[in-house]
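Below is entry27.cif, holding mmCIF, C-alpha atoms.
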```cif
data_structure
#
loop_
_atom_site.group_PDB
_atom_site.id
_atom_site.type_symbol
_atom_site.label_atom_id
_atom_site.label_comp_id
_atom_site.auth_asym_id
_atom_site.auth_seq_id
_atom_site.Cartn_x
_atom_site.Cartn_y
_atom_site.Cartn_z
ATOM 1 C CA MET A 1 3.982 23.560 14.809
ATOM 2 C CA ALA A 2 5.514 24.741 11.537
ATOM 3 C CA LYS A 3 6.834 22.069 9.203
ATOM 4 C CA LYS A 4 10.618 22.014 9.052
ATOM 5 C CA ALA A 5 11.953 23.350 5.761
ATOM 6 C CA LYS A 6 13.825 21.040 3.417
ATOM 7 C CA PHE A 7 16.042 21.575 0.407
ATOM 8 C CA TYR A 8 16.025 19.312 -2.619
ATOM 9 C CA THR A 9 19.037 18.533 -4.787
ATOM 10 C CA VAL A 10 18.340 17.420 -8.346
ATOM 11 C CA TRP A 11 21.389 15.956 -10.068
ATOM 12 C CA GLN A 12 19.499 14.705 -13.108
ATOM 13 C CA GLY A 13 16.127 16.079 -14.153
ATOM 14 C CA LYS A 14 14.501 18.545 -16.489
ATOM 15 C CA LYS A 15 16.453 21.288 -14.738
ATOM 16 C CA PRO A 16 19.192 20.183 -12.281
ATOM 17 C CA GLY A 17 19.735 22.419 -9.276
ATOM 18 C CA ILE A 18 18.724 23.040 -5.670
ATOM 19 C CA TYR A 19 15.086 23.698 -4.776
ATOM 20 C CA ASP A 20 13.556 24.941 -1.551
ATOM 21 C CA SER A 21 10.104 23.439 -2.136
ATOM 22 C CA TRP A 22 8.909 19.967 -2.993
ATOM 23 C CA SER A 23 6.528 21.316 -5.653
ATOM 24 C CA ASP A 24 9.425 22.886 -7.575
ATOM 25 C CA CYS A 25 11.542 19.748 -7.200
ATOM 26 C CA LYS A 26 8.641 17.585 -8.350
ATOM 27 C CA ALA A 27 8.210 19.725 -11.459
ATOM 28 C CA ALA A 28 11.913 19.270 -12.238
ATOM 29 C CA ILE A 29 11.825 15.453 -12.083
ATOM 30 C CA THR A 30 8.330 14.358 -13.103
ATOM 31 C CA GLY A 31 8.443 12.592 -16.439
ATOM 32 C CA PHE A 32 12.249 12.511 -16.516
ATOM 33 C CA LYS A 33 13.425 8.904 -16.772
ATOM 34 C CA GLY A 34 16.255 8.123 -14.359
ATOM 35 C CA ALA A 35 15.842 11.308 -12.311
ATOM 36 C CA GLN A 36 18.340 11.659 -9.452
ATOM 37 C CA TYR A 37 17.287 13.679 -6.425
ATOM 38 C CA LYS A 38 17.372 13.724 -2.622
ATOM 39 C CA SER A 39 16.198 15.958 0.216
ATOM 40 C CA PHE A 40 18.476 17.621 2.792
ATOM 41 C CA GLU A 41 17.910 19.503 6.035
ATOM 42 C CA THR A 42 20.026 22.553 5.150
ATOM 43 C CA PHE A 43 20.970 24.499 2.031
ATOM 44 C CA GLU A 44 24.665 23.896 2.775
ATOM 45 C CA GLN A 45 24.138 20.132 2.744
ATOM 46 C CA ALA A 46 22.145 20.339 -0.485
ATOM 47 C CA LYS A 47 24.811 22.504 -2.138
ATOM 48 C CA LYS A 48 27.619 20.162 -1.085
ATOM 49 C CA ALA A 49 25.672 17.233 -2.492
ATOM 50 C CA PHE A 50 24.951 19.035 -5.771
ATOM 51 C CA ASN A 51 28.668 19.717 -6.244
ATOM 52 C CA GLY A 52 29.374 16.056 -5.554
ATOM 53 C CA ASN A 53 28.253 12.745 -6.999
ATOM 54 C CA TYR A 54 24.717 11.384 -6.592
ATOM 55 C CA ASN A 55 26.068 7.904 -5.836
ATOM 56 C CA ASP A 56 27.916 9.257 -2.799
ATOM 57 C CA PHE A 57 24.657 10.467 -1.234
ATOM 58 C CA LYS A 58 21.838 8.197 -2.431
ATOM 59 C CA GLY A 59 22.835 5.289 -0.232
ATOM 60 C CA LYS A 60 23.376 7.032 3.089
ATOM 61 C CA LYS A 61 21.740 4.627 5.480
ATOM 62 C CA LYS A 62 21.030 4.713 9.162
ATOM 63 C CA GLY A 63 23.072 2.402 11.323
ATOM 64 C CA LYS A 64 21.752 -0.995 12.250
ATOM 65 C CA PRO A 65 19.747 -1.159 15.472
ATOM 66 C CA VAL A 66 21.570 -2.743 18.390
ATOM 67 C CA MET A 67 20.432 -6.338 18.884
ATOM 68 C CA THR A 68 21.499 -9.055 21.267
ATOM 69 C CA PRO A 69 23.582 -11.972 19.929
ATOM 70 C CA GLU A 70 20.579 -14.231 20.536
ATOM 71 C CA GLN A 71 18.338 -12.039 18.380
ATOM 72 C CA LEU A 72 20.914 -11.857 15.590
ATOM 73 C CA GLN A 73 21.331 -15.623 15.704
ATOM 74 C CA ARG A 74 17.568 -16.050 15.280
ATOM 75 C CA PHE A 75 17.567 -13.964 12.108
ATOM 76 C CA GLY A 76 20.846 -15.339 10.786
ATOM 77 C CA THR A 77 22.463 -13.653 7.787
ATOM 78 C CA PRO A 78 20.965 -12.719 4.416
ATOM 79 C CA ASN A 79 21.039 -15.194 1.550
ATOM 80 C CA TYR A 80 23.241 -13.394 -0.961
ATOM 81 C CA HIS A 81 22.118 -15.663 -3.790
ATOM 82 C CA SER A 82 19.261 -13.218 -4.202
ATOM 83 C CA ILE A 83 18.028 -9.906 -5.503
ATOM 84 C CA SER A 84 16.514 -7.142 -3.372
ATOM 85 C CA VAL A 85 13.685 -4.834 -4.425
ATOM 86 C CA ASP A 86 12.372 -1.593 -2.983
ATOM 87 C CA ALA A 87 10.321 1.498 -3.835
ATOM 88 C CA ALA A 88 10.381 5.163 -2.863
ATOM 89 C CA SER A 89 7.442 7.550 -2.862
ATOM 90 C CA SER A 90 7.701 11.244 -2.078
ATOM 91 C CA GLY A 91 4.224 11.726 -0.638
ATOM 92 C CA ASN A 92 1.238 9.414 -0.492
ATOM 93 C CA PRO A 93 0.405 9.601 -3.290
ATOM 94 C CA GLY A 94 3.461 11.248 -4.792
ATOM 95 C CA VAL A 95 6.319 10.776 -7.236
ATOM 96 C CA MET A 96 7.208 7.084 -7.052
ATOM 97 C CA GLU A 97 9.877 4.781 -8.467
ATOM 98 C CA TYR A 98 11.157 1.283 -7.786
ATOM 99 C CA GLN A 99 14.236 -0.806 -8.434
ATOM 100 C CA GLY A 100 15.864 -4.194 -8.056
ATOM 101 C CA VAL A 101 19.528 -4.816 -7.212
ATOM 102 C CA ASP A 102 21.923 -7.662 -6.592
ATOM 103 C CA THR A 103 21.786 -8.164 -2.823
ATOM 104 C CA LYS A 104 25.512 -8.751 -2.392
ATOM 105 C CA THR A 105 26.990 -6.134 -4.716
ATOM 106 C CA GLY A 106 24.198 -3.562 -4.960
ATOM 107 C CA LYS A 107 24.444 -3.681 -8.753
ATOM 108 C CA LYS A 108 21.260 -2.274 -10.285
ATOM 109 C CA LEU A 109 19.330 -4.883 -12.261
ATOM 110 C CA PHE A 110 16.242 -2.853 -13.161
ATOM 111 C CA ARG A 111 14.588 0.447 -12.333
ATOM 112 C CA GLN A 112 11.249 2.003 -13.267
ATOM 113 C CA GLY A 113 10.004 5.555 -12.810
ATOM 114 C CA PRO A 114 9.639 8.102 -11.583
ATOM 115 C CA PHE A 115 5.866 8.018 -11.991
ATOM 116 C CA ALA A 116 4.037 11.285 -11.377
ATOM 117 C CA GLN A 117 1.501 9.837 -8.952
ATOM 118 C CA GLY A 118 1.893 6.587 -7.062
ATOM 119 C CA THR A 119 2.222 5.074 -3.603
ATOM 120 C CA ASN A 120 4.967 3.152 -1.883
ATOM 121 C CA ASN A 121 2.815 0.000 -1.647
ATOM 122 C CA ILE A 122 2.175 0.028 -5.388
ATOM 123 C CA GLY A 123 5.889 0.474 -6.039
ATOM 124 C CA GLU A 124 6.813 -2.391 -3.712
ATOM 125 C CA PHE A 125 4.224 -4.631 -5.414
ATOM 126 C CA LEU A 126 5.443 -3.786 -8.924
ATOM 127 C CA ALA A 127 9.061 -4.273 -7.841
ATOM 128 C CA ILE A 128 8.370 -7.830 -6.678
ATOM 129 C CA VAL A 129 6.488 -8.775 -9.848
ATOM 130 C CA HIS A 130 9.221 -7.208 -11.984
ATOM 131 C CA GLY A 131 11.751 -9.228 -10.001
ATOM 132 C CA LEU A 132 9.814 -12.466 -10.511
ATOM 133 C CA ALA A 133 9.599 -11.871 -14.265
ATOM 134 C CA PHE A 134 13.282 -10.872 -14.406
ATOM 135 C CA LEU A 135 14.451 -14.033 -12.644
ATOM 136 C CA LYS A 136 12.180 -16.290 -14.689
ATOM 137 C CA GLN A 137 13.360 -14.747 -17.945
ATOM 138 C CA ASN A 138 16.973 -15.294 -16.887
ATOM 139 C CA LYS A 139 16.251 -18.838 -15.642
ATOM 140 C CA SER A 140 17.707 -17.890 -12.263
ATOM 141 C CA ASP A 141 17.126 -19.796 -9.015
ATOM 142 C CA ARG A 142 17.825 -16.750 -6.818
ATOM 143 C CA ILE A 143 15.293 -15.596 -4.219
ATOM 144 C CA ILE A 144 13.746 -12.133 -3.840
ATOM 145 C CA TYR A 145 13.998 -9.965 -0.735
ATOM 146 C CA THR A 146 11.454 -7.236 0.030
ATOM 147 C CA ASP A 147 10.817 -5.239 3.205
ATOM 148 C CA SER A 148 7.060 -4.910 2.509
ATOM 149 C CA ARG A 149 4.670 -7.474 3.986
ATOM 150 C CA THR A 150 1.787 -5.662 2.272
ATOM 151 C CA ALA A 151 3.334 -6.126 -1.174
ATOM 152 C CA MET A 152 4.118 -9.770 -0.404
ATOM 153 C CA SER A 153 0.441 -10.298 0.438
ATOM 154 C CA TRP A 154 -0.734 -8.595 -2.753
ATOM 155 C CA VAL A 155 1.571 -10.751 -4.879
ATOM 156 C CA ARG A 156 0.479 -13.918 -3.091
ATOM 157 C CA LYS A 157 -3.203 -13.037 -3.659
ATOM 158 C CA LYS A 158 -2.530 -11.823 -7.232
ATOM 159 C CA THR A 159 -4.144 -8.480 -6.549
ATOM 160 C CA CYS A 160 -3.156 -4.840 -6.141
ATOM 161 C CA ASN A 161 -5.404 -3.701 -3.332
ATOM 162 C CA THR A 162 -4.609 0.004 -3.578
ATOM 163 C CA LYS A 163 -7.074 2.742 -2.679
ATOM 164 C CA LEU A 164 -5.509 5.070 -5.232
ATOM 165 C CA LYS A 165 -7.985 5.929 -7.999
ATOM 166 C CA GLU A 166 -6.972 5.865 -11.645
ATOM 167 C CA THR A 167 -6.781 9.280 -13.304
ATOM 168 C CA PRO A 168 -5.303 10.588 -16.553
ATOM 169 C CA GLN A 169 -2.265 11.644 -14.505
ATOM 170 C CA ASN A 170 -1.473 8.121 -13.315
ATOM 171 C CA LYS A 171 -2.784 6.071 -16.252
ATOM 172 C CA GLU A 172 0.761 4.951 -17.177
ATOM 173 C CA LEU A 173 1.184 3.513 -13.684
ATOM 174 C CA PHE A 174 -2.171 1.725 -13.749
ATOM 175 C CA ASP A 175 -1.314 0.253 -17.153
ATOM 176 C CA LEU A 176 1.799 -1.192 -15.527
ATOM 177 C CA ILE A 177 -0.285 -2.566 -12.647
ATOM 178 C CA ARG A 178 -2.583 -4.314 -15.137
ATOM 179 C CA ARG A 179 0.454 -5.812 -16.904
ATOM 180 C CA ALA A 180 1.783 -7.054 -13.544
ATOM 181 C CA LEU A 181 -1.535 -8.664 -12.634
ATOM 182 C CA ASP A 182 -1.756 -10.324 -16.042
ATOM 183 C CA TRP A 183 1.763 -11.701 -15.555
ATOM 184 C CA LEU A 184 0.868 -13.158 -12.144
ATOM 185 C CA LYS A 185 -2.287 -14.785 -13.508
ATOM 186 C CA ASN A 186 -0.591 -16.266 -16.578
ATOM 187 C CA ASN A 187 2.770 -17.348 -15.188
ATOM 188 C CA SER A 188 3.904 -19.882 -12.631
ATOM 189 C CA TYR A 189 7.108 -19.421 -10.629
ATOM 190 C CA GLN A 190 9.094 -21.175 -7.924
ATOM 191 C CA THR A 191 10.947 -18.084 -6.687
ATOM 192 C CA PRO A 192 10.618 -17.587 -2.910
ATOM 193 C CA VAL A 193 9.710 -14.011 -1.934
ATOM 194 C CA VAL A 194 11.271 -13.440 1.486
ATOM 195 C CA LYS A 195 10.927 -10.652 4.059
ATOM 196 C CA TRP A 196 14.117 -8.625 4.519
ATOM 197 C CA GLU A 197 14.818 -8.374 8.271
ATOM 198 C CA THR A 198 15.638 -4.678 8.587
ATOM 199 C CA LYS A 199 16.047 -4.799 12.377
ATOM 200 C CA ALA A 200 18.858 -7.319 12.071
ATOM 201 C CA TRP A 201 20.448 -6.455 8.735
ATOM 202 C CA GLY A 202 19.877 -2.719 8.289
ATOM 203 C CA GLU A 203 18.170 -1.136 5.292
ATOM 204 C CA ILE A 204 17.489 -3.389 2.320
ATOM 205 C CA PRO A 205 20.231 -3.035 -0.352
ATOM 206 C CA ALA A 206 17.684 -1.693 -2.858
ATOM 207 C CA ASP A 207 16.748 1.182 -0.530
ATOM 208 C CA PHE A 208 16.791 4.611 -2.204
ATOM 209 C CA GLY A 209 18.389 6.239 0.858
ATOM 210 C CA ARG A 210 15.865 9.089 1.166
ATOM 211 C CA LYS A 211 14.585 8.467 4.690
#
```

Entire entry expressed as structure tokens:
Amino acid sequence: MAKKAKFYTVWQGKKPGIYDSWSDCKAAITGFKGAQYKSFETFEQAKKAFNGNYNDFKGKKKGKPVMTPEQLQRFGTPNYHSISVDAASSGNPGVMEYQGVDTKTGKKLFRQGPFAQGTNNIGEFLAIVHGLAFLKQNKSDRIIYTDSRTAMSWVRKKTCNTKLKETPQNKELFDLIRRALDWLKNNSYQTPVVKWETKAWGEIPADFGRK
């Protein structure tokens, strides 16, 4: 079965525009700090987005799944005295970036990438460690939300158990991984890292909105 075509809008990159292949889009954003891009199903949607504002499209999220009152009561509500972290990877491996935001307001607190070659798990791991360092530096007692159990496990074990091999293309990313591991081994912290309950609360506030 043929793969369904997609169109890619690049608001900020080496060359903003609309692309009909991921390879062309990737070339337009790789190495550009703060790149803004998103995929669409049709050219018309991509064109409308390009003529609009990135912020109006990046956070389009799917509706929350229907849950019974009993299920919702079990999960409760999010603790808004927190920050939320997430990563996005276009391919596995592929162009990857991560960010941390204020859970209640969505205000961006930090963002790294895009990196030319990474994985979502690596991004989620780095996002948590960045969040831990950010909160410790600011002497904050907020908690961290993540939707990745894998990344939580890596942080807890102070390891980055990725199968991705280091190459000249991703050396910058692996340097960042080594810095994160050094931070975990040389710093103590009291910050709880908590699983974001997507089924009850919808997408995590730090989500890049590219699903």

With all atoms listed in the file as the atoms that count, which of A:Gly13, A:Pro192, A:Gly94, A:Gly100 lies nearest to A:Asp141? A:Pro192

For the PyMOL selection byres ((chain A and resi 109) around 10), applied here, can you spell out every residue it catches as a PyMOL selection string? chain A and resi 83-85+99-102+106-108+110-111+131+134

For A:Asn187, please output as a PyMOL selection string all residues within 12 Å (counting all atoms listed in the file; exclusion window: fewer than 3 positions along the same chain). chain A and resi 129+132-133+136-137+158+179-184+190-191

Please evaluate the PyMOL selection byres ((chain A and resi 28-42) around 9) against the displayed coordinates and give the resulting residues as a PDB file with C-alpha atoms, in the coordinates of the input.
```pdb
ATOM      1  CA  LYS A   4      10.618  22.014   9.052  1.00  0.00           C
ATOM      2  CA  ALA A   5      11.953  23.350   5.761  1.00  0.00           C
ATOM      3  CA  LYS A   6      13.825  21.040   3.417  1.00  0.00           C
ATOM      4  CA  PHE A   7      16.042  21.575   0.407  1.00  0.00           C
ATOM      5  CA  TYR A   8      16.025  19.312  -2.619  1.00  0.00           C
ATOM      6  CA  THR A   9      19.037  18.533  -4.787  1.00  0.00           C
ATOM      7  CA  VAL A  10      18.340  17.420  -8.346  1.00  0.00           C
ATOM      8  CA  TRP A  11      21.389  15.956 -10.068  1.00  0.00           C
ATOM      9  CA  GLN A  12      19.499  14.705 -13.108  1.00  0.00           C
ATOM     10  CA  GLY A  13      16.127  16.079 -14.153  1.00  0.00           C
ATOM     11  CA  LYS A  14      14.501  18.545 -16.489  1.00  0.00           C
ATOM     12  CA  LYS A  15      16.453  21.288 -14.738  1.00  0.00           C
ATOM     13  CA  PRO A  16      19.192  20.183 -12.281  1.00  0.00           C
ATOM     14  CA  GLY A  17      19.735  22.419  -9.276  1.00  0.00           C
ATOM     15  CA  TRP A  22       8.909  19.967  -2.993  1.00  0.00           C
ATOM     16  CA  SER A  23       6.528  21.316  -5.653  1.00  0.00           C
ATOM     17  CA  ASP A  24       9.425  22.886  -7.575  1.00  0.00           C
ATOM     18  CA  CYS A  25      11.542  19.748  -7.200  1.00  0.00           C
ATOM     19  CA  LYS A  26       8.641  17.585  -8.350  1.00  0.00           C
ATOM     20  CA  ALA A  27       8.210  19.725 -11.459  1.00  0.00           C
ATOM     21  CA  PHE A  43      20.970  24.499   2.031  1.00  0.00           C
ATOM     22  CA  GLU A  44      24.665  23.896   2.775  1.00  0.00           C
ATOM     23  CA  GLN A  45      24.138  20.132   2.744  1.00  0.00           C
ATOM     24  CA  ALA A  46      22.145  20.339  -0.485  1.00  0.00           C
ATOM     25  CA  LYS A  47      24.811  22.504  -2.138  1.00  0.00           C
ATOM     26  CA  ALA A  49      25.672  17.233  -2.492  1.00  0.00           C
ATOM     27  CA  TYR A  54      24.717  11.384  -6.592  1.00  0.00           C
ATOM     28  CA  PHE A  57      24.657  10.467  -1.234  1.00  0.00           C
ATOM     29  CA  LYS A  58      21.838   8.197  -2.431  1.00  0.00           C
ATOM     30  CA  VAL A  95       6.319  10.776  -7.236  1.00  0.00           C
ATOM     31  CA  ARG A 111      14.588   0.447 -12.333  1.00  0.00           C
ATOM     32  CA  GLN A 112      11.249   2.003 -13.267  1.00  0.00           C
ATOM     33  CA  GLY A 113      10.004   5.555 -12.810  1.00  0.00           C
ATOM     34  CA  PRO A 114       9.639   8.102 -11.583  1.00  0.00           C
ATOM     35  CA  PHE A 115       5.866   8.018 -11.991  1.00  0.00           C
ATOM     36  CA  ALA A 116       4.037  11.285 -11.377  1.00  0.00           C
ATOM     37  CA  GLY A 209      18.389   6.239   0.858  1.00  0.00           C
ATOM     38  CA  ARG A 210      15.865   9.089   1.166  1.00  0.00           C
ATOM     39  CA  LYS A 211      14.585   8.467   4.690  1.00  0.00           C
TER      40      LYS A 211
END
```

Ground truth for the PyMOL selection byres ((chain A and resi 81) around 8), written as a PDB file with C-alpha atoms, in the frame of the given file:
```pdb
ATOM      1  CA  ASN A  79      21.039 -15.194   1.550  1.00  0.00           C
ATOM      2  CA  TYR A  80      23.241 -13.394  -0.961  1.00  0.00           C
ATOM      3  CA  SER A  82      19.261 -13.218  -4.202  1.00  0.00           C
ATOM      4  CA  ILE A  83      18.028  -9.906  -5.503  1.00  0.00           C
ATOM      5  CA  THR A 103      21.786  -8.164  -2.823  1.00  0.00           C
ATOM      6  CA  LYS A 104      25.512  -8.751  -2.392  1.00  0.00           C
ATOM      7  CA  ARG A 142      17.825 -16.750  -6.818  1.00  0.00           C
ATOM      8  CA  ILE A 143      15.293 -15.596  -4.219  1.00  0.00           C
TER       9      ILE A 143
END
```

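Counting all atoms listed in the file, the residue from A:Ala151, A:Ala200, A:Ala127, A:Ile144 that sits nearest to A:Glu97 is A:Ala127.
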
To one decimal place, how far is atom CA of A:Asp56 from atom CA of A:Thr198 in Å?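 Between atom CA of A:Asp56 and atom CA of A:Thr198 the gap works out to 21.8 Å.
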
Stretch 119-125 of chain A environment, 10 Å, all atoms listed in the file, sequence neighbours closer than 6 positions dropped, as a PyMOL selection string: chain A and resi 85-99+112-113+131+146-155+159-164+173-174+177+180

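Between atom CA of A:Lys195 and atom CA of A:Gly118 lies a distance of 22.4 Å.
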
Nearest to A:Glu203, chosen from A:Tyr145, A:Phe50, A:Asp20, A:Ser140, with all atoms listed in the file counted in the distances: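 For A:Glu203, the nearest of the candidates is A:Tyr145.
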
Can you work out which one of A:Gln117, A:Ser188, A:Lys199, A:Asp207 has the shortest atom-to-atom distance to A:Asn170, counting all atoms listed in the file?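 Using all atoms listed in the file, the shortest distance to A:Asn170 belongs to A:Gln117.
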
Interatomic distance, atom CA of A:Pro78 to atom CA of A:Glu197 (Å, one decimal): 8.5 Å
